[in-house]
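Below you'll find the structure, written out as structure tokens, and then a few comments.
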Amino acid sequence: MTKKTATIAIHNGLNEDTQFGCVVPPIYLSSTYNFPEFNQPREHDYSRRGNPTRDMVQKALAELEGGVGAVVTSSGMSAIHLICTVFLQPGDVIIAPHDCYGGSYRLFNSQQERGAYRVIFVDQNDESALQKALAQQPKIVFIETPSNPLLRITDIEKISELAHQVGALVVADNTFMSPVLQKPLALGADIIVHSCTKYLNGHSDIVAGVVICQCRKQLEDLSWWANNIGVTSGAFDSYLLLRGIRTLVPRIRLQQENAQILVDYLQTQSLVEKIYYPALKNHAGHNIAKKQQQGFGAMLSFELKGTEQVIKTFLSHLTLFTLAESLGGVETLICHPATMTHAGMSEEARKTAGISASLLRISVGIEDSQDLINDLQIAFDAATKR
């Protein structure tokens with residue numbers, strides 16, 4: 001029977017306990033496992049290499065994304081680093097978005113500086129610039145769509161076709177959308193990466209990442225190296241991730257509904273210079289998003305008119321919008337990318353990416369939407385009086 005996303009999310013790991021008949025699977029906290037006899041290891045021998053709890057969440061994530069398997073790691077950044085460790089050698093080229101998440105930018109740039117590989121940051125919607133970069137025979141083309149924090153949309157199917165023509169692997173960061181709203185493997189990507197810290201877990205209480213493949217040999221290589229360099233996730237984080245995934249679909253649906261309501265409200269505010277949200281028809285990637293996504297998600301950004309003091313006043317009057325990094329949790333967060341998530345980029349790099357000092361990013365939660373609007377209104381009123 002072919003199961004839908006919501007069913008897969010709910011039933012991951014349920015009713016698999018044969019000892020006591022537990023509906024919810026237990027947490028396997030043991031770090032080591034005995035050998036029944038000399039030189040006869042069990043399926044698991046040491047939890048860095050394999051753990052029953054991690055096995056369950058890896059199976060669930062692979063099924064949700066349509067892959068053959070997954071490797072759950074200690075963070076989203078360790079997942080990206082794992083991919084680069086396996087598939088890149090010194091001198092190899094990776095193409096990355098010029099406006100990608102600040103942590104990804106910092107990793108790629110710092111690894112290039114120490115000679116691990118070469119990186120070309122490029123606007124992947126600029127066909128001329130992209131073709132010039134592809135002429136460098138990259139080993140990996142890294143896609144982040146929608147981008148963080150400007151919600152730019154990249155055509156996954158088109159980029160995958162172009163990348164495959166030059167023999168490159170396509171790695172898609174699907175953190176913003178989750179498998180509920182976007183399936184990059186079905187659109188031509190080879191590998192998917194997530195920061196599981198975000199929507200997949202949904203409760204801001206773990207840090208984890210995942211790499212999902214549709215090639216078994218690549219999965220074997222990634223699994224071997226994940227054990228070798230020690231970036232696999234622990235049992236308790238794996239359990240919390242497994243638990244969080246069960247509510248993924250209803251969380252995403254309500255967060256997305258709230259996001260659209262907030263966007264409608266923000267369009268009425270005189271202090272809002274520009275809104276970045278793919279559902280808007282004037283968004284440059286609107287039509288591509290409609291084609292490859294099953295919704296527009298719950299992330300949005302906007303430019304606030306005025307000085308730095310206006311921004312400070314606005315943020316200081318918010319009570320339901322927590323000023324914090326990260327995203328995807330049930331609580332609404334607001335972030336100032338230039339001084340927070342993208343502070344690791346140089347000012348010049350942020351300018352090239354279009355990340356201004358007046359940009360604010362919101363991760364919309366599942367609170368009552370009218371309460372969120374009322375909270376924003378108080379902040380806008382205070383900022384207007386500045």
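Chain lettering (A, B, ...) mirrors the order of the structure tokens, residue numbering begins at 1 for each chain separately, and ligand numbering begins at 1 in order of display.
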Exercise for review: Pick out each residue of stretch 43-244 of chain A that DSSP on the backbone tags as alpha helix (DSSP H); I need them as a PyMOL selection string.
Suggested key: chain A and resi 52-65+76-87+102-113+127-134+156-165+178-181+216-229+235-244
Exercise for review: Tell me, as an MDAnalysis selection string, which residues lie within 7 Å of stretch 122-129 of chain A, counting only C-alpha atoms; anything in the same chain fewer than 5 positions away does not count.
Suggested key: chainID A and resid 96:98 154
Practice item. Tell me, as a PyMOL selection string, which residues lie within 12 Å of A:Gly244, counting only C-alpha atoms; anything in the same chain fewer than 4 positions away does not count. Key: chain A and resi 9-10+12+57+60-61+196-206+237-240+248-252+328-330
Using only C-alpha atoms, which protein or nucleic acid residues come within 9 Å of A:Phe176? Drop anything in the same chain fewer than 4 positions from it, and give the result as a tab-separated table (two decimals) with N, CA and C atoms, in the first residue's frame.
chain	number	residue	atom	x	y	z
A	144	GLU	N	19.52	25.70	-2.36
A	144	GLU	CA	18.74	26.03	-1.16
A	144	GLU	C	17.50	26.77	-1.64
A	145	THR	N	16.35	26.10	-1.60
A	145	THR	CA	15.14	26.74	-2.12
A	145	THR	C	13.93	26.35	-1.29
A	146	PRO	N	13.19	27.36	-0.78
A	146	PRO	CA	13.46	28.79	-0.81
A	146	PRO	C	14.73	29.12	-0.03
A	147	SER	N	15.37	30.22	-0.44
A	147	SER	CA	16.64	30.59	0.19
A	147	SER	C	16.40	31.27	1.53
A	148	ASN	N	17.42	31.23	2.34
A	148	ASN	CA	17.38	31.80	3.68
A	148	ASN	C	18.30	33.03	3.72
A	194	HIS	N	18.74	18.26	5.44
A	194	HIS	CA	17.87	19.06	6.32
A	194	HIS	C	18.62	19.43	7.58
A	198	LYS	N	14.93	22.14	12.79
A	198	LYS	CA	13.87	23.07	12.39
A	198	LYS	C	12.50	22.37	12.29
A	199	TYR	N	11.90	22.36	11.12
A	199	TYR	CA	10.52	21.86	10.99
A	199	TYR	C	10.37	20.39	11.33
A	297	GLY	N	4.82	27.64	2.46
A	297	GLY	CA	5.60	27.57	3.69
A	297	GLY	C	5.26	28.63	4.71
A	298	ALA	N	6.03	28.63	5.79
A	298	ALA	CA	5.74	29.50	6.93
A	298	ALA	C	6.89	30.42	7.28
A	299	MET	N	7.81	30.61	6.33
A	299	MET	CA	8.90	31.57	6.51
A	299	MET	C	8.63	32.80	5.66
A	327	LEU	N	14.46	28.35	13.44
A	327	LEU	CA	13.15	28.45	12.79
A	327	LEU	C	12.44	27.11	12.87
A	328	GLY	N	11.17	27.11	12.47
A	328	GLY	CA	10.43	25.86	12.30
A	328	GLY	C	9.76	25.32	13.53
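Proximity to A:Ser74 was assessed for A:Leu323, A:Ala116, A:Ala208, A:Ile192 counting only C-alpha atoms; the smallest distance is recorded for A:Ala208.
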Review point. From the list A:Ala379, A:Ile229, A:Val263, A:Gln370, which residue is nearest A:Thr85 when using only C-alpha atoms?
Key: A:Ile229
Exercise for review: Quote the spacing between atom CA of A:Pro52 and atom CA of A:Ala6 in Å to one decimal place.
Suggested key: 22.8 Å
Review point. Skipping near chain neighbours, those fewer than 3 positions away, what residues fall within 12 Å of stretch 155-164 of chain A using only C-alpha atoms, listed as a PyMOL selection string?
Key: chain A and resi 94-97+123-127+130-147+152+167-174+182-192+284-293
Practice item. Name all residues at most 9 Å from A:Thr313 (count only C-alpha atoms; drop same-chain ones fewer than 3 positions away) and give them as a PyMOL selection string. Key: chain A and resi 308-310+316-317+379-380+382-383+386
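Atom CA of A:Glu220 to atom CA of A:Leu82 spans 12.5 Å [interatomic distance, one decimal].
In this comparison, which uses only C-alpha atoms, the residue of A:Lys351, A:Lys385, A:Arg361, A:Arg246 approaching A:Gly306 most closely is A:Lys385.
The gap separating atom CA of A:Leu254 from atom CA of A:Ala79 is 28.0 Å, in Å to one decimal.
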Point to revise | Test item: residues at most 9 Å from A:Gln214, only C-alpha atoms, excluding those fewer than 3 positions along its chain, as a VMD selection string | key: chain A and resid 62 66 to 69 185 190 to 191 218 to 219
Check your understanding: DSSP says strand (DSSP E or B) for which residues of stretch 8-209 of chain A? Put them as a PyMOL selection string?
Key -> chain A and resi 32+37+40+46+69-73+93-97+118-122+140-144+169-173+191-195+209
